[in-house]
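**Student:** Got entry03.csv for you, CSV, N, CA and C atoms:
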```csv
chain,number,residue,atom,x,y,z
A,1,MET,N,-14.5,-33.8,2.1
A,1,MET,CA,-13.4,-34.2,3.0
A,1,MET,C,-13.9,-35.3,3.9
A,2,ARG,N,-13.2,-36.4,3.9
A,2,ARG,CA,-13.6,-37.6,4.7
A,2,ARG,C,-13.4,-37.3,6.1
A,3,ASP,N,-14.3,-37.7,6.9
A,3,ASP,CA,-14.4,-37.5,8.4
A,3,ASP,C,-13.2,-38.0,9.1
A,4,GLU,N,-12.5,-39.0,8.6
A,4,GLU,CA,-11.3,-39.5,9.2
A,4,GLU,C,-10.2,-38.5,9.4
A,5,VAL,N,-10.3,-37.4,8.7
A,5,VAL,CA,-9.3,-36.3,8.8
A,5,VAL,C,-9.1,-35.8,10.3
A,6,ARG,N,-10.2,-35.9,11.0
A,6,ARG,CA,-10.2,-35.3,12.4
A,6,ARG,C,-9.1,-36.0,13.2
A,7,GLN,N,-8.3,-35.2,13.8
A,7,GLN,CA,-7.1,-35.7,14.6
A,7,GLN,C,-6.0,-36.3,13.8
A,8,SER,N,-6.0,-36.2,12.5
A,8,SER,CA,-4.9,-36.6,11.7
A,8,SER,C,-3.7,-35.8,12.0
A,9,VAL,N,-2.5,-36.4,11.8
A,9,VAL,CA,-1.3,-35.8,12.1
A,9,VAL,C,-0.4,-35.8,10.8
A,10,GLY,N,0.2,-34.7,10.5
A,10,GLY,CA,1.2,-34.6,9.4
A,10,GLY,C,2.5,-34.2,10.1
A,11,VAL,N,3.6,-34.8,9.6
A,11,VAL,CA,4.9,-34.6,10.2
A,11,VAL,C,5.9,-34.2,9.1
A,12,PHE,N,6.8,-33.2,9.4
A,12,PHE,CA,7.9,-32.9,8.5
A,12,PHE,C,9.1,-32.9,9.4
A,13,ASP,N,10.1,-33.6,8.9
A,13,ASP,CA,11.4,-33.7,9.6
A,13,ASP,C,12.5,-33.2,8.7
A,14,CYS,N,13.5,-32.4,9.2
A,14,CYS,CA,14.6,-32.0,8.4
A,14,CYS,C,15.8,-31.7,9.3
A,15,VAL,N,16.9,-31.7,8.7
A,15,VAL,CA,18.2,-31.2,9.3
A,15,VAL,C,18.4,-29.8,8.9
A,16,VAL,N,18.6,-28.9,9.8
A,16,VAL,CA,18.7,-27.4,9.5
A,16,VAL,C,20.1,-27.3,8.7
A,17,THR,N,20.0,-26.6,7.6
A,17,THR,CA,21.1,-26.3,6.7
A,17,THR,C,21.4,-24.8,6.7
A,18,SER,N,22.6,-24.4,6.3
A,18,SER,CA,22.9,-23.0,6.2
A,18,SER,C,21.9,-22.3,5.3
A,19,ARG,N,21.3,-23.0,4.3
A,19,ARG,CA,20.4,-22.4,3.4
A,19,ARG,C,19.1,-21.9,4.2
A,20,MET,N,18.8,-22.5,5.3
A,20,MET,CA,17.6,-22.2,6.1
A,20,MET,C,17.9,-21.2,7.1
A,21,CYS,N,19.0,-20.5,7.1
A,21,CYS,CA,19.3,-19.5,8.1
A,21,CYS,C,18.6,-18.2,7.8
A,22,ALA,N,18.5,-17.3,8.8
A,22,ALA,CA,17.9,-16.1,8.6
A,22,ALA,C,18.7,-15.2,7.7
A,23,THR,N,18.1,-14.7,6.6
A,23,THR,CA,18.7,-13.8,5.6
A,23,THR,C,17.7,-12.7,5.2
A,24,LEU,N,18.2,-11.6,4.8
A,24,LEU,CA,17.4,-10.6,4.2
A,24,LEU,C,18.1,-10.0,3.0
A,25,ASP,N,17.4,-10.0,1.9
A,25,ASP,CA,18.0,-9.5,0.6
A,25,ASP,C,19.4,-10.1,0.4
A,26,GLY,N,19.5,-11.4,0.7
A,26,GLY,CA,20.7,-12.2,0.4
A,26,GLY,C,21.8,-12.0,1.4
A,27,ALA,N,21.6,-11.2,2.4
A,27,ALA,CA,22.6,-11.0,3.5
A,27,ALA,C,22.2,-11.8,4.7
A,28,ALA,N,23.2,-12.6,5.2
A,28,ALA,CA,22.9,-13.3,6.5
A,28,ALA,C,22.7,-12.4,7.6
A,29,ILE,N,21.6,-12.8,8.4
A,29,ILE,CA,21.3,-12.0,9.6
A,29,ILE,C,21.7,-12.7,10.9
A,30,HIS,N,21.3,-14.0,11.0
A,30,HIS,CA,21.6,-14.9,12.1
A,30,HIS,C,21.9,-16.3,11.6
A,31,PRO,N,22.9,-17.0,12.1
A,31,PRO,CA,23.2,-18.3,11.6
A,31,PRO,C,22.4,-19.4,12.3
A,32,VAL,N,21.0,-19.2,12.3
A,32,VAL,CA,20.1,-20.2,12.9
A,32,VAL,C,18.9,-20.3,12.0
A,33,TYR,N,18.1,-21.4,12.3
A,33,TYR,CA,16.9,-21.7,11.6
A,33,TYR,C,15.9,-20.5,11.5
A,34,SER,N,15.6,-20.1,10.3
A,34,SER,CA,14.8,-18.9,10.2
A,34,SER,C,13.3,-19.1,10.4
A,35,THR,N,12.6,-18.1,10.8
A,35,THR,CA,11.1,-18.2,10.9
A,35,THR,C,10.5,-18.4,9.5
A,36,PHE,N,11.1,-17.9,8.5
A,36,PHE,CA,10.6,-18.1,7.1
A,36,PHE,C,10.5,-19.6,6.8
A,37,TRP,N,11.6,-20.3,7.1
A,37,TRP,CA,11.7,-21.8,6.8
A,37,TRP,C,10.8,-22.5,7.8
A,38,LEU,N,10.7,-22.1,9.0
A,38,LEU,CA,9.8,-22.7,10.0
A,38,LEU,C,8.4,-22.7,9.4
A,39,CYS,N,8.0,-21.5,9.0
A,39,CYS,CA,6.6,-21.3,8.4
A,39,CYS,C,6.4,-22.2,7.2
A,40,TYR,N,7.4,-22.3,6.3
A,40,TYR,CA,7.2,-23.1,5.1
A,40,TYR,C,7.1,-24.6,5.5
A,41,HIS,N,7.9,-25.0,6.4
A,41,HIS,CA,7.8,-26.4,6.9
A,41,HIS,C,6.5,-26.7,7.6
A,42,ALA,N,6.0,-25.7,8.4
A,42,ALA,CA,4.7,-25.9,9.0
A,42,ALA,C,3.6,-26.1,8.0
A,43,GLU,N,3.7,-25.4,6.9
A,43,GLU,CA,2.7,-25.5,5.8
A,43,GLU,C,2.8,-26.9,5.2
A,44,VAL,N,4.0,-27.4,5.0
A,44,VAL,CA,4.2,-28.8,4.5
A,44,VAL,C,3.6,-29.8,5.4
A,45,ALA,N,3.9,-29.7,6.7
A,45,ALA,CA,3.3,-30.7,7.7
A,45,ALA,C,1.8,-30.6,7.7
A,46,SER,N,1.2,-29.4,7.6
A,46,SER,CA,-0.2,-29.3,7.6
A,46,SER,C,-0.8,-29.9,6.4
A,47,ARG,N,-0.2,-29.7,5.3
A,47,ARG,CA,-0.8,-30.3,4.0
A,47,ARG,C,-0.7,-31.8,4.1
A,48,ARG,N,0.4,-32.3,4.7
A,48,ARG,CA,0.5,-33.8,4.9
A,48,ARG,C,-0.6,-34.4,5.8
A,49,ALA,N,-1.0,-33.6,6.7
A,49,ALA,CA,-2.1,-34.0,7.6
A,49,ALA,C,-3.4,-34.2,6.9
A,50,ILE,N,-3.7,-33.5,5.9
A,50,ILE,CA,-5.0,-33.5,5.3
A,50,ILE,C,-5.1,-34.1,3.9
A,51,GLU,N,-4.0,-34.2,3.2
A,51,GLU,CA,-4.1,-34.5,1.8
A,51,GLU,C,-4.7,-35.9,1.5
A,52,ALA,N,-4.5,-36.8,2.3
A,52,ALA,CA,-5.0,-38.2,2.0
A,52,ALA,C,-6.5,-38.3,2.2
A,53,PHE,N,-7.2,-37.2,2.7
A,53,PHE,CA,-8.6,-37.3,3.1
A,53,PHE,C,-9.5,-36.5,2.2
A,54,PHE,N,-9.0,-35.9,1.1
A,54,PHE,CA,-9.8,-35.2,0.1
A,54,PHE,C,-10.8,-36.2,-0.6
A,55,ASP,N,-12.0,-35.7,-0.8
A,55,ASP,CA,-12.9,-36.5,-1.7
A,55,ASP,C,-12.5,-36.1,-3.1
A,56,PRO,N,-12.9,-37.0,-4.0
A,56,PRO,CA,-12.6,-36.7,-5.4
A,56,PRO,C,-13.2,-35.3,-5.8
A,57,GLY,N,-12.3,-34.5,-6.5
A,57,GLY,CA,-12.8,-33.2,-7.0
A,57,GLY,C,-12.6,-32.1,-6.0
A,58,GLU,N,-12.0,-32.3,-4.9
A,58,GLU,CA,-11.8,-31.2,-3.9
A,58,GLU,C,-10.3,-31.1,-3.6
A,59,ASN,N,-10.0,-29.9,-3.1
A,59,ASN,CA,-8.6,-29.6,-2.7
A,59,ASN,C,-8.7,-28.5,-1.7
A,60,ALA,N,-7.6,-28.0,-1.2
A,60,ALA,CA,-7.6,-26.9,-0.2
A,60,ALA,C,-6.5,-25.9,-0.6
A,61,VAL,N,-6.7,-24.7,-0.1
A,61,VAL,CA,-5.8,-23.6,-0.3
A,61,VAL,C,-5.5,-23.0,1.1
A,62,GLY,N,-4.3,-22.5,1.3
A,62,GLY,CA,-3.9,-21.9,2.5
A,62,GLY,C,-4.8,-20.7,2.8
A,63,GLY,N,-5.2,-20.6,4.1
A,63,GLY,CA,-6.0,-19.5,4.5
A,63,GLY,C,-5.3,-18.6,5.5
A,64,SER,N,-4.6,-19.2,6.5
A,64,SER,CA,-3.8,-18.4,7.4
A,64,SER,C,-2.8,-19.3,8.1
A,65,LEU,N,-1.8,-18.6,8.6
A,65,LEU,CA,-0.7,-19.2,9.4
A,65,LEU,C,-0.3,-18.3,10.5
A,66,SER,N,-0.2,-18.8,11.7
A,66,SER,CA,0.3,-18.1,12.8
A,66,SER,C,1.3,-18.9,13.5
A,67,ILE,N,2.5,-18.4,13.7
A,67,ILE,CA,3.6,-19.1,14.3
A,67,ILE,C,4.2,-18.3,15.4
A,68,ASP,N,4.4,-18.9,16.6
A,68,ASP,CA,5.1,-18.3,17.7
A,68,ASP,C,6.5,-19.0,17.8
A,69,HIS,N,7.5,-18.3,17.2
A,69,HIS,CA,8.9,-18.9,17.2
A,69,HIS,C,9.5,-18.6,18.5
A,70,LYS,N,9.6,-19.7,19.4
A,70,LYS,CA,10.0,-19.5,20.8
A,70,LYS,C,11.5,-19.7,21.0
A,71,ALA,N,12.2,-20.4,20.2
A,71,ALA,CA,13.6,-20.7,20.5
A,71,ALA,C,14.4,-20.9,19.2
A,72,MET,N,15.7,-20.6,19.3
A,72,MET,CA,16.6,-20.8,18.1
A,72,MET,C,17.0,-22.2,18.0
A,73,CYS,N,17.4,-22.5,16.7
A,73,CYS,CA,17.8,-23.9,16.4
A,73,CYS,C,19.0,-23.8,15.5
A,74,ALA,N,20.1,-24.4,15.9
A,74,ALA,CA,21.4,-24.3,15.1
A,74,ALA,C,21.4,-25.1,13.9
A,75,VAL,N,22.3,-24.7,12.9
A,75,VAL,CA,22.6,-25.5,11.7
A,75,VAL,C,23.1,-26.9,12.2
A,76,GLY,N,22.6,-27.9,11.5
A,76,GLY,CA,23.0,-29.3,11.9
A,76,GLY,C,22.0,-30.0,12.8
A,77,ASP,N,21.2,-29.2,13.5
A,77,ASP,CA,20.2,-29.8,14.4
A,77,ASP,C,19.0,-30.3,13.6
A,78,THR,N,18.3,-31.3,14.2
A,78,THR,CA,17.1,-31.9,13.5
A,78,THR,C,15.9,-31.2,14.1
A,79,VAL,N,15.0,-30.9,13.1
A,79,VAL,CA,13.7,-30.3,13.5
A,79,VAL,C,12.6,-31.2,13.1
A,80,ARG,N,11.6,-31.4,14.0
A,80,ARG,CA,10.4,-32.1,13.6
A,80,ARG,C,9.2,-31.2,13.8
A,81,ILE,N,8.4,-31.0,12.8
A,81,ILE,CA,7.2,-30.2,12.9
A,81,ILE,C,6.0,-31.1,12.7
A,82,GLN,N,5.1,-31.0,13.7
A,82,GLN,CA,3.9,-31.8,13.8
A,82,GLN,C,2.7,-30.9,13.6
A,83,ALA,N,1.9,-31.3,12.7
A,83,ALA,CA,0.6,-30.6,12.4
A,83,ALA,C,-0.5,-31.5,12.7
A,84,THR,N,-1.3,-31.2,13.7
A,84,THR,CA,-2.4,-32.1,14.2
A,84,THR,C,-3.7,-31.4,13.8
A,85,VAL,N,-4.6,-32.0,13.1
A,85,VAL,CA,-5.9,-31.4,12.8
A,85,VAL,C,-6.7,-31.3,14.1
A,86,CYS,N,-7.1,-30.1,14.4
A,86,CYS,CA,-7.8,-29.8,15.6
A,86,CYS,C,-9.2,-29.3,15.4
A,87,ASP,N,-9.6,-28.9,14.2
A,87,ASP,CA,-10.9,-28.4,14.0
A,87,ASP,C,-11.2,-28.5,12.5
A,88,VAL,N,-12.4,-29.1,12.2
A,88,VAL,CA,-12.9,-29.2,10.8
A,88,VAL,C,-14.3,-28.7,10.8
A,89,SER,N,-14.5,-27.8,9.8
A,89,SER,CA,-15.9,-27.3,9.6
A,89,SER,C,-16.2,-27.6,8.1
A,90,ALA,N,-17.3,-27.0,7.7
A,90,ALA,CA,-17.7,-27.2,6.3
A,90,ALA,C,-16.6,-26.9,5.3
A,91,ARG,N,-15.9,-25.8,5.5
A,91,ARG,CA,-14.9,-25.3,4.5
A,91,ARG,C,-13.5,-25.1,5.1
A,92,LYS,N,-13.4,-25.2,6.4
A,92,LYS,CA,-12.1,-24.9,7.0
A,92,LYS,C,-11.5,-26.1,7.8
A,93,ILE,N,-10.2,-26.3,7.6
A,93,ILE,CA,-9.5,-27.3,8.3
A,93,ILE,C,-8.3,-26.6,9.1
A,94,VAL,N,-8.3,-26.8,10.4
A,94,VAL,CA,-7.3,-26.1,11.2
A,94,VAL,C,-6.4,-27.1,11.8
A,95,CYS,N,-5.1,-26.8,11.7
A,95,CYS,CA,-4.1,-27.7,12.3
A,95,CYS,C,-3.3,-26.9,13.4
A,96,ARG,N,-3.1,-27.6,14.5
A,96,ARG,CA,-2.3,-27.1,15.6
A,96,ARG,C,-0.8,-27.5,15.2
A,97,ILE,N,0.1,-26.5,15.3
A,97,ILE,CA,1.5,-26.7,14.9
A,97,ILE,C,2.4,-26.8,16.2
A,98,GLU,N,3.2,-27.8,16.2
A,98,GLU,CA,4.3,-27.8,17.3
A,98,GLU,C,5.6,-28.2,16.6
A,99,ALA,N,6.6,-27.5,16.9
A,99,ALA,CA,7.9,-27.8,16.3
A,99,ALA,C,9.0,-28.0,17.4
A,100,TYR,N,9.8,-29.0,17.2
A,100,TYR,CA,10.8,-29.4,18.2
A,100,TYR,C,12.1,-29.6,17.5
A,101,SER,N,13.2,-29.3,18.3
A,101,SER,CA,14.5,-29.6,18.0
A,101,SER,C,15.1,-30.5,19.0
A,102,SER,N,16.4,-30.8,19.0
A,102,SER,CA,16.9,-31.7,20.0
A,102,SER,C,16.9,-31.1,21.4
A,103,LYS,N,16.7,-29.8,21.5
A,103,LYS,CA,16.6,-29.1,22.8
A,103,LYS,C,15.2,-28.9,23.3
A,104,GLY,N,14.2,-29.3,22.5
A,104,GLY,CA,12.8,-29.2,22.9
A,104,GLY,C,12.0,-28.4,22.0
A,105,LEU,N,10.9,-27.9,22.6
A,105,LEU,CA,9.9,-27.1,21.8
A,105,LEU,C,10.5,-25.8,21.3
A,106,ILE,N,10.4,-25.6,20.0
A,106,ILE,CA,10.9,-24.3,19.4
A,106,ILE,C,9.8,-23.4,18.8
A,107,ALA,N,8.6,-24.0,18.6
A,107,ALA,CA,7.6,-23.2,18.0
A,107,ALA,C,6.2,-23.8,18.2
A,108,THR,N,5.2,-23.0,18.3
A,108,THR,CA,3.8,-23.4,18.3
A,108,THR,C,3.0,-22.5,17.3
A,109,GLY,N,1.9,-23.0,16.9
A,109,GLY,CA,1.1,-22.1,16.0
A,109,GLY,C,-0.2,-22.8,15.5
A,110,GLU,N,-0.7,-22.2,14.5
A,110,GLU,CA,-2.0,-22.7,13.9
A,110,GLU,C,-1.9,-22.4,12.4
A,111,GLN,N,-2.4,-23.4,11.6
A,111,GLN,CA,-2.5,-23.2,10.2
A,111,GLN,C,-3.9,-23.6,9.8
A,112,THR,N,-4.5,-22.7,8.9
A,112,THR,CA,-5.9,-23.0,8.4
A,112,THR,C,-5.8,-23.1,6.9
A,113,GLN,N,-6.5,-24.2,6.4
A,113,GLN,CA,-6.7,-24.4,5.0
A,113,GLN,C,-8.2,-24.3,4.7
A,114,ILE,N,-8.5,-23.8,3.5
A,114,ILE,CA,-9.9,-23.6,3.1
A,114,ILE,C,-10.2,-24.7,2.0
A,115,LEU,N,-11.2,-25.5,2.3
A,115,LEU,CA,-11.6,-26.6,1.4
A,115,LEU,C,-12.5,-26.0,0.3
A,116,LEU,N,-12.1,-26.4,-0.9
A,116,LEU,CA,-12.9,-25.9,-2.1
A,116,LEU,C,-12.9,-27.0,-3.2
A,117,PRO,N,-13.9,-26.9,-4.0
A,117,PRO,CA,-13.9,-27.8,-5.2
A,117,PRO,C,-12.7,-27.4,-6.1
A,118,GLN,N,-12.0,-28.4,-6.6
A,118,GLN,CA,-10.9,-28.1,-7.5
A,118,GLN,C,-11.2,-27.2,-8.6
A,119,SER,N,-12.4,-27.3,-9.1
A,119,SER,CA,-12.9,-26.5,-10.2
A,119,SER,C,-12.9,-25.0,-9.8
A,120,ARG,N,-13.3,-24.7,-8.5
A,120,ARG,CA,-13.3,-23.4,-8.0
A,120,ARG,C,-11.9,-22.8,-7.9
A,121,ILE,N,-10.9,-23.7,-7.4
A,121,ILE,CA,-9.5,-23.3,-7.3
A,121,ILE,C,-9.0,-23.0,-8.7
A,122,ASP,N,-9.3,-23.8,-9.7
A,122,ASP,CA,-8.8,-23.6,-11.0
A,122,ASP,C,-9.3,-22.2,-11.5
A,123,ALA,N,-10.6,-21.9,-11.3
A,123,ALA,CA,-11.1,-20.6,-11.7
A,123,ALA,C,-10.5,-19.5,-11.0
A,124,LEU,N,-10.2,-19.6,-9.7
A,124,LEU,CA,-9.5,-18.5,-9.0
A,124,LEU,C,-8.0,-18.3,-9.5
A,125,VAL,N,-7.4,-19.4,-9.8
A,125,VAL,CA,-6.0,-19.3,-10.4
A,125,VAL,C,-6.1,-18.6,-11.7
A,126,GLU,N,-7.0,-19.0,-12.6
A,126,GLU,CA,-7.2,-18.4,-13.9
A,126,GLU,C,-7.4,-16.9,-13.7
A,127,GLU,N,-8.3,-16.5,-12.8
A,127,GLU,CA,-8.6,-15.1,-12.5
A,127,GLU,C,-7.4,-14.3,-12.1
A,128,ALA,N,-6.5,-15.0,-11.3
A,128,ALA,CA,-5.3,-14.3,-10.8
A,128,ALA,C,-4.4,-14.0,-11.9
A,129,TYR,N,-4.4,-14.7,-13.0
A,129,TYR,CA,-3.5,-14.4,-14.1
A,129,TYR,C,-4.1,-13.5,-15.1
A,130,LYS,N,-5.2,-12.9,-14.9
A,130,LYS,CA,-5.8,-11.9,-15.8
A,130,LYS,C,-5.3,-10.5,-15.3
A,131,PHE,N,-4.7,-9.8,-16.3
A,131,PHE,CA,-4.1,-8.5,-15.9
A,131,PHE,C,-4.9,-7.4,-16.6
```
What is this file in structure tokens?
**Tutor:**
Amino acid sequence: MRDEVRQSVGVFDCVVTSRMCATLDGAAIHPVYSTFWLCYHAEVASRRAIEAFFDPGENAVGGSLSIDHKAMCAVGDTVRIQATVCDVSARKIVCRIEAYSSKGLIATGEQTQILLPQSRIDALVEEAYKF
């Protein structure tokens, strides 16, 4: 991982659609941006923050995600999720997550990715498919 990754920022912008509303087993629960989609979009922003900095032959896998969903966001509103690299060690890259809508801050959190050689990830994927 190239050292320039430190303090890198990844951004994900979207307009909330009805598809992103809170549902359970196909049934609508609340007509607002769901925590599920917030988490997915935080993962995308985090990956965008680090992807350009991999050395040849390396990659990363998700290690953890923690989100504090603080406020609701309506369908049609715009969400911006920003992932800022805040800690880099030999194998871990941590991003601080902040999500905003037109009304202000809607979420904070942290996402960790584990840096590995691509060959190790390939071996782990292969092992996962052995039954």
**Student:** Calculate how many Å separate atom CA of A:Asp68 from atom CA of A:Thr84, rounding to one decimal.
**Tutor:**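 Straight-line distance from atom CA of A:Asp68 to atom CA of A:Thr84 works out to 16.1 Å.
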**Student:** What lies within 6 Å of stretch 45-61 of chain A using all atoms listed in the file, ignoring chain neighbours under 5 positions off, as JSON, numbers by chain?
**Tutor:** {"A": [1, 2, 5, 8, 9, 10, 11, 12, 81, 82, 83, 112, 113, 114, 115, 116, 117, 118, 119]}
**Student:** So how many Å separate atom C of A:His41 and atom N of A:Lys130, to one decimal?
**Tutor:**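 Between atom C of A:His41 and atom N of A:Lys130 the gap works out to 28.9 Å.
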**Student:** Name the residues, using the chain letters and numbers of the file, that sit within 5 Å of (15.3, -23.9, 8.9) when counting only N, CA and C atoms, and give them as a PyMOL selection string.
**Tutor:** chain A and resi 16+20+33-34+37-38
**Student:** Do a neighbour search on A:Val75 at 6.5 Å with all atoms listed in the file, toss out local chain neighbours closer than 6 positions, and write the hits as an MDAnalysis selection string.
**Tutor:** chainID A and resid 15:18 31:33
**Student:** When you draw a straight line from atom N of A:Glu110 to atom N of A:Ala22, how long is it in Å?
**Tutor:**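 So the answer is 20.6 Å.
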**Student:** Tell me, which residues of stretch 36-122 of chain A carry DSSP alpha helix (DSSP H), written as an MDAnalysis selection string?
**Tutor:** chainID A and resid 36:50 118:122
**Student:** For a quick check of understanding, using all atoms listed in the file, which of A:Ser64, A:Ser101, A:Gln111, A:Gln7 has the smallest distance to A:Asp77?
**Tutor:**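 Nearest candidate to A:Asp77 out of A:Ser64, A:Ser101, A:Gln111, A:Gln7: A:Ser101.
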